[in-house]
$ cat target_20.tsv   # TSV, N, CA and C atoms and all ligand atoms
chain	number	residue	atom	x	y	z
C	1052	MET	N	-47.37	9.57	29.11
C	1052	MET	CA	-46.73	10.57	28.25
C	1052	MET	C	-46.41	9.97	26.88
C	1053	ALA	N	-47.43	9.69	26.17
C	1053	ALA	CA	-47.26	9.03	24.87
C	1053	ALA	C	-46.47	9.89	23.90
C	1054	PHE	N	-46.65	11.20	24.03
C	1054	PHE	CA	-45.96	12.11	23.10
C	1054	PHE	C	-44.44	12.03	23.27
C	1055	LEU	N	-43.99	12.09	24.56
C	1055	LEU	CA	-42.56	12.02	24.82
C	1055	LEU	C	-41.99	10.67	24.40
C	1056	ASP	N	-42.77	9.61	24.63
C	1056	ASP	CA	-42.33	8.28	24.19
C	1056	ASP	C	-42.07	8.29	22.69
C	1057	LYS	N	-42.99	8.94	21.98
C	1057	LYS	CA	-42.86	8.99	20.51
C	1057	LYS	C	-41.58	9.72	20.12
C	1058	ILE	N	-41.31	10.84	20.84
C	1058	ILE	CA	-40.08	11.60	20.55
C	1058	ILE	C	-38.85	10.75	20.85
C	1059	ASN	N	-38.90	10.04	21.99
C	1059	ASN	CA	-37.77	9.16	22.34
C	1059	ASN	C	-37.55	8.08	21.28
C	1060	ASP	N	-38.67	7.50	20.85
C	1060	ASP	CA	-38.58	6.48	19.81
C	1060	ASP	C	-37.95	7.04	18.54
C	1061	PHE	N	-38.40	8.25	18.21
C	1061	PHE	CA	-37.90	8.89	16.99
C	1061	PHE	C	-36.39	9.11	17.09
C	1062	ALA	N	-35.96	9.62	18.29
C	1062	ALA	CA	-34.54	9.88	18.51
C	1062	ALA	C	-33.75	8.58	18.44
C	1063	LYS	N	-34.30	7.54	19.04
C	1063	LYS	CA	-33.61	6.25	19.05
C	1063	LYS	C	-33.43	5.73	17.62
C	1064	THR	N	-34.54	5.85	16.85
C	1064	THR	CA	-34.51	5.37	15.46
C	1064	THR	C	-33.49	6.15	14.65
C	1065	ALA	N	-33.45	7.47	14.90
C	1065	ALA	CA	-32.51	8.32	14.16
C	1065	ALA	C	-31.07	7.92	14.48
C	1066	THR	N	-30.79	7.68	15.78
C	1066	THR	CA	-29.46	7.27	16.20
C	1066	THR	C	-29.09	5.93	15.56
C	1067	GLU	N	-30.06	5.02	15.59
C	1067	GLU	CA	-29.82	3.71	14.99
C	1067	GLU	C	-29.48	3.83	13.51
C	1068	LYS	N	-30.25	4.68	12.85
C	1068	LYS	CA	-30.03	4.87	11.40
C	1068	LYS	C	-28.63	5.42	11.14
C	1069	THR	N	-28.23	6.41	11.99
C	1069	THR	CA	-26.90	7.00	11.83
C	1069	THR	C	-25.82	5.95	12.06
C	1070	ASN	N	-26.00	5.15	13.15
C	1070	ASN	CA	-25.02	4.11	13.44
C	1070	ASN	C	-24.94	3.09	12.31
C	1071	ASN	N	-26.11	2.74	11.78
C	1071	ASN	CA	-26.13	1.79	10.67
C	1071	ASN	C	-25.42	2.35	9.45
C	1072	ALA	N	-25.62	3.65	9.21
C	1072	ALA	CA	-24.97	4.28	8.05
C	1072	ALA	C	-23.46	4.27	8.22
C	1073	ILE	N	-23.00	4.55	9.47
C	1073	ILE	CA	-21.55	4.53	9.74
C	1073	ILE	C	-21.01	3.12	9.54
C	1074	GLU	N	-21.74	2.14	10.08
C	1074	GLU	CA	-21.31	0.74	9.97
C	1074	GLU	C	-21.27	0.30	8.50
C	1075	THR	N	-22.29	0.72	7.75
C	1075	THR	CA	-22.34	0.39	6.32
C	1075	THR	C	-21.15	0.99	5.58
C	1076	ALA	N	-20.82	2.24	5.91
C	1076	ALA	CA	-19.69	2.90	5.26
C	1076	ALA	C	-18.39	2.17	5.58
C	1077	LYS	N	-18.25	1.73	6.85
C	1077	LYS	CA	-17.05	1.00	7.26
C	1077	LYS	C	-16.93	-0.30	6.47
C	1078	LEU	N	-18.05	-1.02	6.38
C	1078	LEU	CA	-18.05	-2.30	5.68
C	1078	LEU	C	-17.77	-2.10	4.19
C	1079	SER	N	-18.34	-1.04	3.62
C	1079	SER	CA	-18.09	-0.75	2.20
C	1079	SER	C	-16.62	-0.47	1.95
C	1080	ALA	N	-16.00	0.27	2.88
C	1080	ALA	CA	-14.58	0.57	2.74
C	1080	ALA	C	-13.76	-0.72	2.80
C	1081	LYS	N	-14.17	-1.65	3.68
C	1081	LYS	CA	-13.47	-2.93	3.77
C	1081	LYS	C	-13.63	-3.73	2.48
C	1082	ILE	N	-14.84	-3.69	1.92
C	1082	ILE	CA	-15.09	-4.40	0.64
C	1082	ILE	C	-14.20	-3.80	-0.45
C	1083	ASP	N	-14.14	-2.47	-0.52
C	1083	ASP	CA	-13.31	-1.80	-1.54
C	1083	ASP	C	-11.85	-2.23	-1.41
C	1084	SER	N	-11.38	-2.25	-0.16
C	1084	SER	CA	-9.99	-2.62	0.08
C	1084	SER	C	-9.73	-4.06	-0.34
C	1085	GLU	N	-10.68	-4.94	0.01
C	1085	GLU	CA	-10.53	-6.36	-0.34
C	1085	GLU	C	-10.61	-6.54	-1.86
C	1086	GLN	N	-11.48	-5.75	-2.49
C	1086	GLN	CA	-11.62	-5.83	-3.95
C	1086	GLN	C	-10.31	-5.44	-4.64
C	1087	ARG	N	-9.62	-4.45	-4.06
C	1087	ARG	CA	-8.33	-4.04	-4.62
C	1087	ARG	C	-7.31	-5.17	-4.49
C	1088	SER	N	-7.31	-5.84	-3.32
C	1088	SER	CA	-6.40	-6.98	-3.12
C	1088	SER	C	-6.70	-8.07	-4.14
C	1089	LEU	N	-7.99	-8.33	-4.33
C	1089	LEU	CA	-8.41	-9.36	-5.29
C	1089	LEU	C	-7.96	-9.00	-6.70
C	1090	ASN	N	-8.17	-7.75	-7.09
C	1090	ASN	CA	-7.75	-7.30	-8.42
C	1090	ASN	C	-6.25	-7.48	-8.60
C	1091	ASP	N	-5.50	-7.21	-7.52
C	1091	ASP	CA	-4.05	-7.33	-7.56
C	1091	ASP	C	-3.64	-8.78	-7.79
C	1092	ILE	N	-4.33	-9.69	-7.09
C	1092	ILE	CA	-4.04	-11.12	-7.24
C	1092	ILE	C	-4.34	-11.57	-8.67
C	1093	ILE	N	-5.49	-11.13	-9.19
C	1093	ILE	CA	-5.88	-11.50	-10.55
C	1093	ILE	C	-4.87	-10.95	-11.56
C	1094	ARG	N	-4.42	-9.73	-11.32
C	1094	ARG	CA	-3.42	-9.13	-12.20
C	1094	ARG	C	-2.13	-9.96	-12.19
C	1095	LYS	N	-1.73	-10.43	-10.98
C	1095	LYS	CA	-0.51	-11.25	-10.87
C	1095	LYS	C	-0.66	-12.55	-11.65
C	1096	ILE	N	-1.85	-13.16	-11.56
C	1096	ILE	CA	-2.10	-14.39	-12.33
C	1096	ILE	C	-1.95	-14.09	-13.82
C	1097	GLY	N	-2.52	-12.97	-14.26
C	1097	GLY	CA	-2.41	-12.55	-15.65
C	1097	GLY	C	-0.97	-12.37	-16.07
C	1098	GLU	N	-0.20	-11.66	-15.25
C	1098	GLU	CA	1.21	-11.41	-15.57
C	1098	GLU	C	1.99	-12.71	-15.66
C	1099	HIS	N	1.65	-13.65	-14.78
C	1099	HIS	CA	2.30	-14.96	-14.77
C	1099	HIS	C	2.11	-15.66	-16.12
C	1100	TYR	N	0.88	-15.65	-16.61
C	1100	TYR	CA	0.60	-16.34	-17.88
C	1100	TYR	C	1.11	-15.57	-19.08
C	1101	VAL	N	1.06	-14.25	-19.02
C	1101	VAL	CA	1.59	-13.44	-20.12
C	1101	VAL	C	3.09	-13.72	-20.26
C	1102	ALA	N	3.80	-13.82	-19.13
C	1102	ALA	CA	5.24	-14.12	-19.18
C	1102	ALA	C	5.48	-15.47	-19.84
C	1103	LYS	N	4.62	-16.45	-19.54
C	1103	LYS	CA	4.75	-17.78	-20.15
C	1103	LYS	C	4.57	-17.70	-21.66
C	1104	ILE	N	3.54	-16.98	-22.10
C	1104	ILE	CA	3.27	-16.89	-23.54
C	1104	ILE	C	4.39	-16.10	-24.22
C	1105	ASP	N	4.87	-15.04	-23.55
C	1105	ASP	CA	6.00	-14.27	-24.08
C	1105	ASP	C	7.19	-15.19	-24.32
C	1106	ALA	N	7.35	-16.18	-23.42
C	1106	ALA	CA	8.48	-17.10	-23.52
C	1106	ALA	C	8.24	-18.20	-24.56
C	1107	GLY	N	7.09	-18.16	-25.21
C	1107	GLY	CA	6.85	-19.08	-26.32
C	1107	GLY	C	5.83	-20.18	-26.03
C	1108	GLU	N	5.34	-20.22	-24.80
C	1108	GLU	CA	4.36	-21.24	-24.47
C	1108	GLU	C	3.01	-20.94	-25.15
C	1109	VAL	N	2.33	-21.98	-25.60
C	1109	VAL	CA	1.01	-21.79	-26.19
C	1109	VAL	C	-0.03	-22.32	-25.21
C	1110	LEU	N	-0.90	-21.44	-24.79
C	1110	LEU	CA	-1.94	-21.85	-23.84
C	1110	LEU	C	-3.25	-22.05	-24.59
C	1111	ASP	N	-4.33	-22.30	-23.85
C	1111	ASP	CA	-5.59	-22.60	-24.54
C	1111	ASP	C	-6.10	-21.39	-25.36
C	1112	GLU	N	-6.93	-21.73	-26.32
C	1112	GLU	CA	-7.40	-20.78	-27.33
C	1112	GLU	C	-7.91	-19.46	-26.76
C	1113	GLU	N	-8.71	-19.58	-25.70
C	1113	GLU	CA	-9.31	-18.38	-25.11
C	1113	GLU	C	-8.25	-17.43	-24.58
C	1114	VAL	N	-7.24	-18.03	-23.88
C	1114	VAL	CA	-6.16	-17.21	-23.33
C	1114	VAL	C	-5.35	-16.58	-24.46
C	1115	MET	N	-5.10	-17.37	-25.50
C	1115	MET	CA	-4.33	-16.85	-26.63
C	1115	MET	C	-5.07	-15.70	-27.32
C	1116	ALA	N	-6.39	-15.80	-27.36
C	1116	ALA	CA	-7.19	-14.73	-27.96
C	1116	ALA	C	-7.07	-13.45	-27.13
C	1117	ILE	N	-7.11	-13.60	-25.81
C	1117	ILE	CA	-6.96	-12.44	-24.93
C	1117	ILE	C	-5.56	-11.85	-25.09
C	1118	TYR	N	-4.59	-12.74	-25.26
C	1118	TYR	CA	-3.19	-12.31	-25.42
C	1118	TYR	C	-3.01	-11.40	-26.64
C	1119	GLU	N	-3.84	-11.62	-27.66
C	1119	GLU	CA	-3.80	-10.74	-28.83
C	1119	GLU	C	-3.97	-9.28	-28.41
C	1120	GLY	N	-4.83	-9.07	-27.42
C	1120	GLY	CA	-5.04	-7.73	-26.88
C	1120	GLY	C	-3.79	-7.18	-26.22
C	1121	VAL	N	-3.04	-8.07	-25.57
C	1121	VAL	CA	-1.77	-7.67	-24.94
C	1121	VAL	C	-0.82	-7.18	-26.02
C	1122	LEU	N	-0.73	-7.95	-27.10
C	1122	LEU	CA	0.17	-7.58	-28.20
C	1122	LEU	C	-0.25	-6.25	-28.82
C	1123	ALA	N	-1.57	-6.10	-29.01
C	1123	ALA	CA	-2.07	-4.87	-29.61
C	1123	ALA	C	-1.75	-3.67	-28.73
C	1124	SER	N	-1.94	-3.82	-27.42
C	1124	SER	CA	-1.64	-2.72	-26.49
C	1124	SER	C	-0.15	-2.39	-26.48
C	1125	ARG	N	0.68	-3.42	-26.48
C	1125	ARG	CA	2.13	-3.20	-26.50
C	1125	ARG	C	2.54	-2.44	-27.76
C	1126	LYS	N	1.91	-2.84	-28.87
C	1126	LYS	CA	2.23	-2.20	-30.14
C	1126	LYS	C	1.84	-0.72	-30.08
C	1127	THR	N	0.63	-0.46	-29.55
C	1127	THR	CA	0.17	0.93	-29.43
C	1127	THR	C	1.11	1.74	-28.54
C	1128	ILE	N	1.52	1.13	-27.40
C	1128	ILE	CA	2.44	1.82	-26.48
C	1128	ILE	C	3.75	2.13	-27.20
C	1129	ALA	N	4.26	1.15	-27.95
C	1129	ALA	CA	5.52	1.35	-28.68
C	1129	ALA	C	5.38	2.49	-29.69
C	1130	GLU	N	4.24	2.52	-30.38
C	1130	GLU	CA	4.01	3.57	-31.37
C	1130	GLU	C	3.92	4.95	-30.70
C	1131	LEU	N	3.22	4.99	-29.56
C	1131	LEU	CA	3.08	6.27	-28.85
C	1131	LEU	C	4.43	6.74	-28.32
C	1132	ARG	N	5.22	5.77	-27.82
C	1132	ARG	CA	6.57	6.13	-27.34
C	1132	ARG	C	7.42	6.67	-28.47
C	1133	ALA	N	7.30	6.01	-29.61
C	1133	ALA	CA	8.07	6.45	-30.78
C	1133	ALA	C	7.64	7.87	-31.17
C	1134	GLU	N	6.33	8.14	-31.01
C	1134	GLU	CA	5.81	9.47	-31.33
C	1134	GLU	C	6.41	10.51	-30.39
C	1135	ILE	N	6.47	10.17	-29.09
C	1135	ILE	CA	7.09	11.07	-28.11
C	1135	ILE	C	8.55	11.31	-28.49
C	1136	GLU	N	9.20	10.21	-28.85
C	1136	GLU	CA	10.62	10.28	-29.22
C	1136	GLU	C	10.81	11.21	-30.42
C	1137	SER	N	9.90	11.10	-31.39
C	1137	SER	CA	10.02	11.94	-32.59
C	1137	SER	C	9.75	13.41	-32.26
C	1138	LEU	N	8.97	13.65	-31.19
C	1138	LEU	CA	8.74	15.03	-30.76
C	1138	LEU	C	9.98	15.60	-30.08
C	1139	LYS	N	10.71	14.72	-29.38
C	1139	LYS	CA	11.93	15.14	-28.68
C	1139	LYS	C	13.05	15.42	-29.66
C	1140	THR	N	13.11	14.60	-30.72
C	1140	THR	CA	14.20	14.72	-31.69
C	1140	THR	C	14.00	15.97	-32.52
C	1141	PRO	N	14.99	16.87	-32.51
C	1141	PRO	CA	14.84	18.07	-33.33
C	1141	PRO	C	14.80	17.70	-34.80
C	1142	LYS	N	13.92	18.36	-35.52
C	1142	LYS	CA	13.79	18.10	-36.96
C	1142	LYS	C	15.08	18.47	-37.68
C	1143	ASN	N	15.43	17.63	-38.60
C	1143	ASN	CA	16.63	17.87	-39.40
C	1143	ASN	C	16.41	19.07	-40.32
C	1144	PRO	N	17.20	20.14	-40.12
C	1144	PRO	CA	16.98	21.35	-40.93
C	1144	PRO	C	17.31	21.13	-42.41
C	1145	GLU	N	18.11	20.10	-42.71
C	1145	GLU	CA	18.46	19.80	-44.11
C	1145	GLU	C	17.25	19.23	-44.86
C	1146	GLY	N	16.24	18.88	-44.12
C	1146	GLY	CA	15.06	18.31	-44.75
C	1146	GLY	C	15.19	16.81	-44.97
C	1147	GLY	N	16.27	16.26	-44.49
C	1147	GLY	CA	16.47	14.81	-44.61
C	1147	GLY	C	15.65	14.09	-43.57
C	1148	SER	N	15.87	12.81	-43.42
C	1148	SER	CA	15.11	12.03	-42.46
C	1148	SER	C	15.44	12.48	-41.05
C	1149	ALA	N	14.40	12.78	-40.30
C	1149	ALA	CA	14.59	13.22	-38.92
C	1149	ALA	C	14.65	12.01	-37.98
C	1150	GLU	N	14.45	10.83	-38.54
C	1150	GLU	CA	14.40	9.62	-37.73
C	1150	GLU	C	15.76	9.34	-37.11
C	1151	ASP	N	15.78	9.11	-35.82
C	1151	ASP	CA	17.01	8.75	-35.15
C	1151	ASP	C	17.23	7.26	-35.39
C	1152	SER	N	18.28	6.92	-36.09
C	1152	SER	CA	18.48	5.53	-36.47
C	1152	SER	C	19.26	4.73	-35.44
C	1153	SER	N	19.59	5.33	-34.29
C	1153	SER	CA	20.38	4.60	-33.30
C	1153	SER	C	19.51	3.77	-32.37
C	1154	CYS	N	18.19	4.02	-32.35
C	1154	CYS	CA	17.34	3.22	-31.48
C	1154	CYS	C	16.00	2.90	-32.14
C	1155	LYS	N	15.37	1.87	-31.61
C	1155	LYS	CA	14.02	1.49	-32.06
C	1155	LYS	C	13.27	0.98	-30.84
C	1156	PHE	N	12.01	0.68	-31.03
C	1156	PHE	CA	11.21	0.21	-29.90
C	1156	PHE	C	10.65	-1.16	-30.22
C	1157	CYS	N	10.71	-2.04	-29.22
C	1157	CYS	CA	10.17	-3.39	-29.38
C	1157	CYS	C	8.66	-3.27	-29.64
C	1158	PRO	N	8.16	-3.89	-30.73
C	1158	PRO	CA	6.73	-3.79	-31.02
C	1158	PRO	C	5.87	-4.62	-30.06
C	1159	TYR	N	6.51	-5.49	-29.27
C	1159	TYR	CA	5.75	-6.33	-28.36
C	1159	TYR	C	5.58	-5.69	-26.98
C	1160	CYS	N	6.67	-5.09	-26.47
C	1160	CYS	CA	6.57	-4.54	-25.11
C	1160	CYS	C	6.90	-3.05	-25.05
C	1161	GLY	N	7.41	-2.50	-26.15
C	1161	GLY	CA	7.68	-1.06	-26.17
C	1161	GLY	C	9.03	-0.65	-25.64
C	1162	LYS	N	9.84	-1.63	-25.25
C	1162	LYS	CA	11.17	-1.32	-24.71
C	1162	LYS	C	12.05	-0.67	-25.79
C	1163	GLU	N	12.79	0.35	-25.38
C	1163	GLU	CA	13.70	1.00	-26.31
C	1163	GLU	C	14.91	0.09	-26.52
C	1164	LEU	N	15.24	-0.16	-27.78
C	1164	LEU	CA	16.33	-1.08	-28.10
C	1164	LEU	C	17.30	-0.43	-29.08
C	1165	ASP	N	18.52	-0.96	-29.10
C	1165	ASP	CA	19.46	-0.54	-30.12
C	1165	ASP	C	18.90	-0.99	-31.47
C	1166	VAL	N	19.11	-0.17	-32.48
C	1166	VAL	CA	18.52	-0.46	-33.80
C	1166	VAL	C	19.01	-1.81	-34.34
C	1167	SER	N	20.18	-2.25	-33.91
C	1167	SER	CA	20.73	-3.51	-34.41
C	1167	SER	C	20.28	-4.72	-33.59
C	1168	ALA	N	19.53	-4.48	-32.51
C	1168	ALA	CA	19.11	-5.59	-31.63
C	1168	ALA	C	18.24	-6.59	-32.39
C	1169	LYS	N	18.59	-7.88	-32.25
C	1169	LYS	CA	17.82	-8.92	-32.93
C	1169	LYS	C	16.69	-9.43	-32.03
C	1170	PHE	N	16.93	-9.30	-30.72
C	1170	PHE	CA	15.94	-9.75	-29.75
C	1170	PHE	C	15.73	-8.65	-28.72
C	1171	CYS	N	14.51	-8.60	-28.16
C	1171	CYS	CA	14.23	-7.60	-27.14
C	1171	CYS	C	14.89	-7.98	-25.83
C	1172	LEU	N	15.52	-7.00	-25.19
C	1172	LEU	CA	16.18	-7.24	-23.91
C	1172	LEU	C	15.16	-7.41	-22.79
C	1173	ASN	N	13.97	-6.90	-23.04
C	1173	ASN	CA	12.94	-6.95	-22.00
C	1173	ASN	C	12.06	-8.19	-22.11
C	1174	CYS	N	11.47	-8.41	-23.28
C	1174	CYS	CA	10.53	-9.52	-23.41
C	1174	CYS	C	11.09	-10.70	-24.20
C	1175	GLY	N	12.26	-10.50	-24.80
C	1175	GLY	CA	12.92	-11.61	-25.48
C	1175	GLY	C	12.41	-11.93	-26.87
C	1176	LYS	N	11.43	-11.16	-27.33
C	1176	LYS	CA	10.84	-11.44	-28.66
C	1176	LYS	C	11.84	-11.06	-29.76
C	1177	GLN	N	11.82	-11.87	-30.84
C	1177	GLN	CA	12.64	-11.57	-32.01
C	1177	GLN	C	12.14	-10.27	-32.64
C	1178	GLN	N	13.08	-9.44	-33.05
C	1178	GLN	CA	12.70	-8.14	-33.60
C	1178	GLN	C	12.53	-8.20	-35.11
C	1179	PRO	N	11.53	-7.50	-35.64
C	1179	PRO	CA	11.28	-7.53	-37.07
C	1179	PRO	C	12.41	-6.85	-37.85
C	1201	ZN	ZN	10.03	-6.48	-26.01

$ encode --input "target_20.tsv" --output "structure tokens" --more "lines below"
Ligand SMILES: [Zn+2]
Amino acid sequence: MAFLDKINDFAKTATEKTNNAIETAKLSAKIDSEQRSLNDIIRKIGEHYVAKIDAGEVLDEEVMAIYEGVLASRKTIAELRAEIESLKTPKNPEGGSAEDSSCKFCPYCGKELDVSAKFCLNCGKQQP
């Protein structure tokens, strides 16, 4: 019964393929999960060194160059936060400055600070 054998073979192959697909999906999910753990560890290493540089340490040139990106992002975040703040603050109907002078934002980390603050409470950087 060569014909039935062929059908059996076909069914077996199909089952195998399905099982392999399920196994592949399981393994891919494990890889994704492990990749997330790895990314988390790398992020922690990054945060560790950023904290050091924030505290005044100077690391090698390449790291310092990457750190410029951190500063740029913090500055952008601070500017965007200030923009949100200016949207919240009702415009002065007298036409004077609508700027709220009681607070400012750290240009390094974006933390909201008292306008008189000389240093950031969050990152410790001297304020301009
Ligand atoms: Zn700060």

$ closest_atom_pairs --input "target_20.tsv" --of "chain C" --to "ligand ZN 1201 (chain C)" --cutoff "12 Å" --atoms "only C-alpha atoms and all ligand atoms" --output "CSV"
residue,atom,partner,partner_atom,distance
C:Ala1102,CA,C:ZN1201,ZN,11.3
C:Asp1105,CA,C:ZN1201,ZN,9.0
C:Ala1106,CA,C:ZN1201,ZN,11.0
C:Val1121,CA,C:ZN1201,ZN,11.9
C:Leu1122,CA,C:ZN1201,ZN,10.2
C:Arg1125,CA,C:ZN1201,ZN,8.6
C:Lys1126,CA,C:ZN1201,ZN,9.8
C:Ile1128,CA,C:ZN1201,ZN,11.3
C:Ala1129,CA,C:ZN1201,ZN,9.4
C:Lys1155,CA,C:ZN1201,ZN,10.8
C:Phe1156,CA,C:ZN1201,ZN,7.8
C:Cys1157,CA,C:ZN1201,ZN,4.6
C:Pro1158,CA,C:ZN1201,ZN,6.6
C:Tyr1159,CA,C:ZN1201,ZN,4.9
C:Cys1160,CA,C:ZN1201,ZN,4.1
C:Gly1161,CA,C:ZN1201,ZN,5.9
C:Lys1162,CA,C:ZN1201,ZN,5.4
C:Glu1163,CA,C:ZN1201,ZN,8.3
C:Leu1164,CA,C:ZN1201,ZN,8.6
C:Asp1165,CA,C:ZN1201,ZN,11.9
C:Ala1168,CA,C:ZN1201,ZN,10.7
C:Lys1169,CA,C:ZN1201,ZN,10.7
C:Phe1170,CA,C:ZN1201,ZN,7.7
C:Cys1171,CA,C:ZN1201,ZN,4.5
C:Leu1172,CA,C:ZN1201,ZN,6.5
C:Asn1173,CA,C:ZN1201,ZN,5.0
C:Cys1174,CA,C:ZN1201,ZN,4.0
C:Gly1175,CA,C:ZN1201,ZN,5.9
C:Lys1176,CA,C:ZN1201,ZN,5.7
C:Gln1177,CA,C:ZN1201,ZN,8.3
C:Gln1178,CA,C:ZN1201,ZN,8.2
C:Pro1179,CA,C:ZN1201,ZN,11.2

$ write_last_selection --input "target_20.tsv" --atoms "N, CA and C atoms" --output "tab-separated table (two decimals), keeping the file's coordinate frame"
chain	number	residue	atom	x	y	z
C	1102	ALA	N	3.80	-13.82	-19.13
C	1102	ALA	CA	5.24	-14.12	-19.18
C	1102	ALA	C	5.48	-15.47	-19.84
C	1105	ASP	N	4.87	-15.04	-23.55
C	1105	ASP	CA	6.00	-14.27	-24.08
C	1105	ASP	C	7.19	-15.19	-24.32
C	1106	ALA	N	7.35	-16.18	-23.42
C	1106	ALA	CA	8.48	-17.10	-23.52
C	1106	ALA	C	8.24	-18.20	-24.56
C	1121	VAL	N	-3.04	-8.07	-25.57
C	1121	VAL	CA	-1.77	-7.67	-24.94
C	1121	VAL	C	-0.82	-7.18	-26.02
C	1122	LEU	N	-0.73	-7.95	-27.10
C	1122	LEU	CA	0.17	-7.58	-28.20
C	1122	LEU	C	-0.25	-6.25	-28.82
C	1125	ARG	N	0.68	-3.42	-26.48
C	1125	ARG	CA	2.13	-3.20	-26.50
C	1125	ARG	C	2.54	-2.44	-27.76
C	1126	LYS	N	1.91	-2.84	-28.87
C	1126	LYS	CA	2.23	-2.20	-30.14
C	1126	LYS	C	1.84	-0.72	-30.08
C	1128	ILE	N	1.52	1.13	-27.40
C	1128	ILE	CA	2.44	1.82	-26.48
C	1128	ILE	C	3.75	2.13	-27.20
C	1129	ALA	N	4.26	1.15	-27.95
C	1129	ALA	CA	5.52	1.35	-28.68
C	1129	ALA	C	5.38	2.49	-29.69
C	1155	LYS	N	15.37	1.87	-31.61
C	1155	LYS	CA	14.02	1.49	-32.06
C	1155	LYS	C	13.27	0.98	-30.84
C	1156	PHE	N	12.01	0.68	-31.03
C	1156	PHE	CA	11.21	0.21	-29.90
C	1156	PHE	C	10.65	-1.16	-30.22
C	1157	CYS	N	10.71	-2.04	-29.22
C	1157	CYS	CA	10.17	-3.39	-29.38
C	1157	CYS	C	8.66	-3.27	-29.64
C	1158	PRO	N	8.16	-3.89	-30.73
C	1158	PRO	CA	6.73	-3.79	-31.02
C	1158	PRO	C	5.87	-4.62	-30.06
C	1159	TYR	N	6.51	-5.49	-29.27
C	1159	TYR	CA	5.75	-6.33	-28.36
C	1159	TYR	C	5.58	-5.69	-26.98
C	1160	CYS	N	6.67	-5.09	-26.47
C	1160	CYS	CA	6.57	-4.54	-25.11
C	1160	CYS	C	6.90	-3.05	-25.05
C	1161	GLY	N	7.41	-2.50	-26.15
C	1161	GLY	CA	7.68	-1.06	-26.17
C	1161	GLY	C	9.03	-0.65	-25.64
C	1162	LYS	N	9.84	-1.63	-25.25
C	1162	LYS	CA	11.17	-1.32	-24.71
C	1162	LYS	C	12.05	-0.67	-25.79
C	1163	GLU	N	12.79	0.35	-25.38
C	1163	GLU	CA	13.70	1.00	-26.31
C	1163	GLU	C	14.91	0.09	-26.52
C	1164	LEU	N	15.24	-0.16	-27.78
C	1164	LEU	CA	16.33	-1.08	-28.10
C	1164	LEU	C	17.30	-0.43	-29.08
C	1165	ASP	N	18.52	-0.96	-29.10
C	1165	ASP	CA	19.46	-0.54	-30.12
C	1165	ASP	C	18.90	-0.99	-31.47
C	1168	ALA	N	19.53	-4.48	-32.51
C	1168	ALA	CA	19.11	-5.59	-31.63
C	1168	ALA	C	18.24	-6.59	-32.39
C	1169	LYS	N	18.59	-7.88	-32.25
C	1169	LYS	CA	17.82	-8.92	-32.93
C	1169	LYS	C	16.69	-9.43	-32.03
C	1170	PHE	N	16.93	-9.30	-30.72
C	1170	PHE	CA	15.94	-9.75	-29.75
C	1170	PHE	C	15.73	-8.65	-28.72
C	1171	CYS	N	14.51	-8.60	-28.16
C	1171	CYS	CA	14.23	-7.60	-27.14
C	1171	CYS	C	14.89	-7.98	-25.83
C	1172	LEU	N	15.52	-7.00	-25.19
C	1172	LEU	CA	16.18	-7.24	-23.91
C	1172	LEU	C	15.16	-7.41	-22.79
C	1173	ASN	N	13.97	-6.90	-23.04
C	1173	ASN	CA	12.94	-6.95	-22.00
C	1173	ASN	C	12.06	-8.19	-22.11
C	1174	CYS	N	11.47	-8.41	-23.28
C	1174	CYS	CA	10.53	-9.52	-23.41
C	1174	CYS	C	11.09	-10.70	-24.20
C	1175	GLY	N	12.26	-10.50	-24.80
C	1175	GLY	CA	12.92	-11.61	-25.48
C	1175	GLY	C	12.41	-11.93	-26.87
C	1176	LYS	N	11.43	-11.16	-27.33
C	1176	LYS	CA	10.84	-11.44	-28.66
C	1176	LYS	C	11.84	-11.06	-29.76
C	1177	GLN	N	11.82	-11.87	-30.84
C	1177	GLN	CA	12.64	-11.57	-32.01
C	1177	GLN	C	12.14	-10.27	-32.64
C	1178	GLN	N	13.08	-9.44	-33.05
C	1178	GLN	CA	12.70	-8.14	-33.60
C	1178	GLN	C	12.53	-8.20	-35.11
C	1179	PRO	N	11.53	-7.50	-35.64
C	1179	PRO	CA	11.28	-7.53	-37.07
C	1179	PRO	C	12.41	-6.85	-37.85

$ atom_distance --input "target_20.tsv" --atom1 "atom CA of Ile1093 of chain C" --atom2 "atom CA of Glu1074 of chain C"
28.4 Å

$ select_by_dssp --input "target_20.tsv" --residues "chain C" --states "helix (DSSP H, G or I)" --output "ChimeraX atom specification"
/C:1053-1105,1112-1139

$ atom_distance --input "target_20.tsv" --atom1 "atom CA of Ile1092 of chain C" --atom2 "atom CA of Ile1104 of chain C"
18.8 Å

$ atom_distance --input "target_20.tsv" --atom1 "atom CA of Ile1058 of chain C" --atom2 "atom CA of Thr1075 of chain C"
25.4 Å

$ select_by_dssp --input "target_20.tsv" --residues "chain C" --states "strand (DSSP E or B)" --output "PyMOL selection string"
chain C and resi 1154-1156+1163-1165+1170+1177

$ axis_aligned_box --input "target_20.tsv" --around "segment 1078-1083 of chain C" --padding-each-side "4 Å" --output "JSON"
{"center_x": -15.1, "center_y": -1.9, "center_z": 2.4, "size_x": 14.5, "size_y": 13.0, "size_z": 15.9}
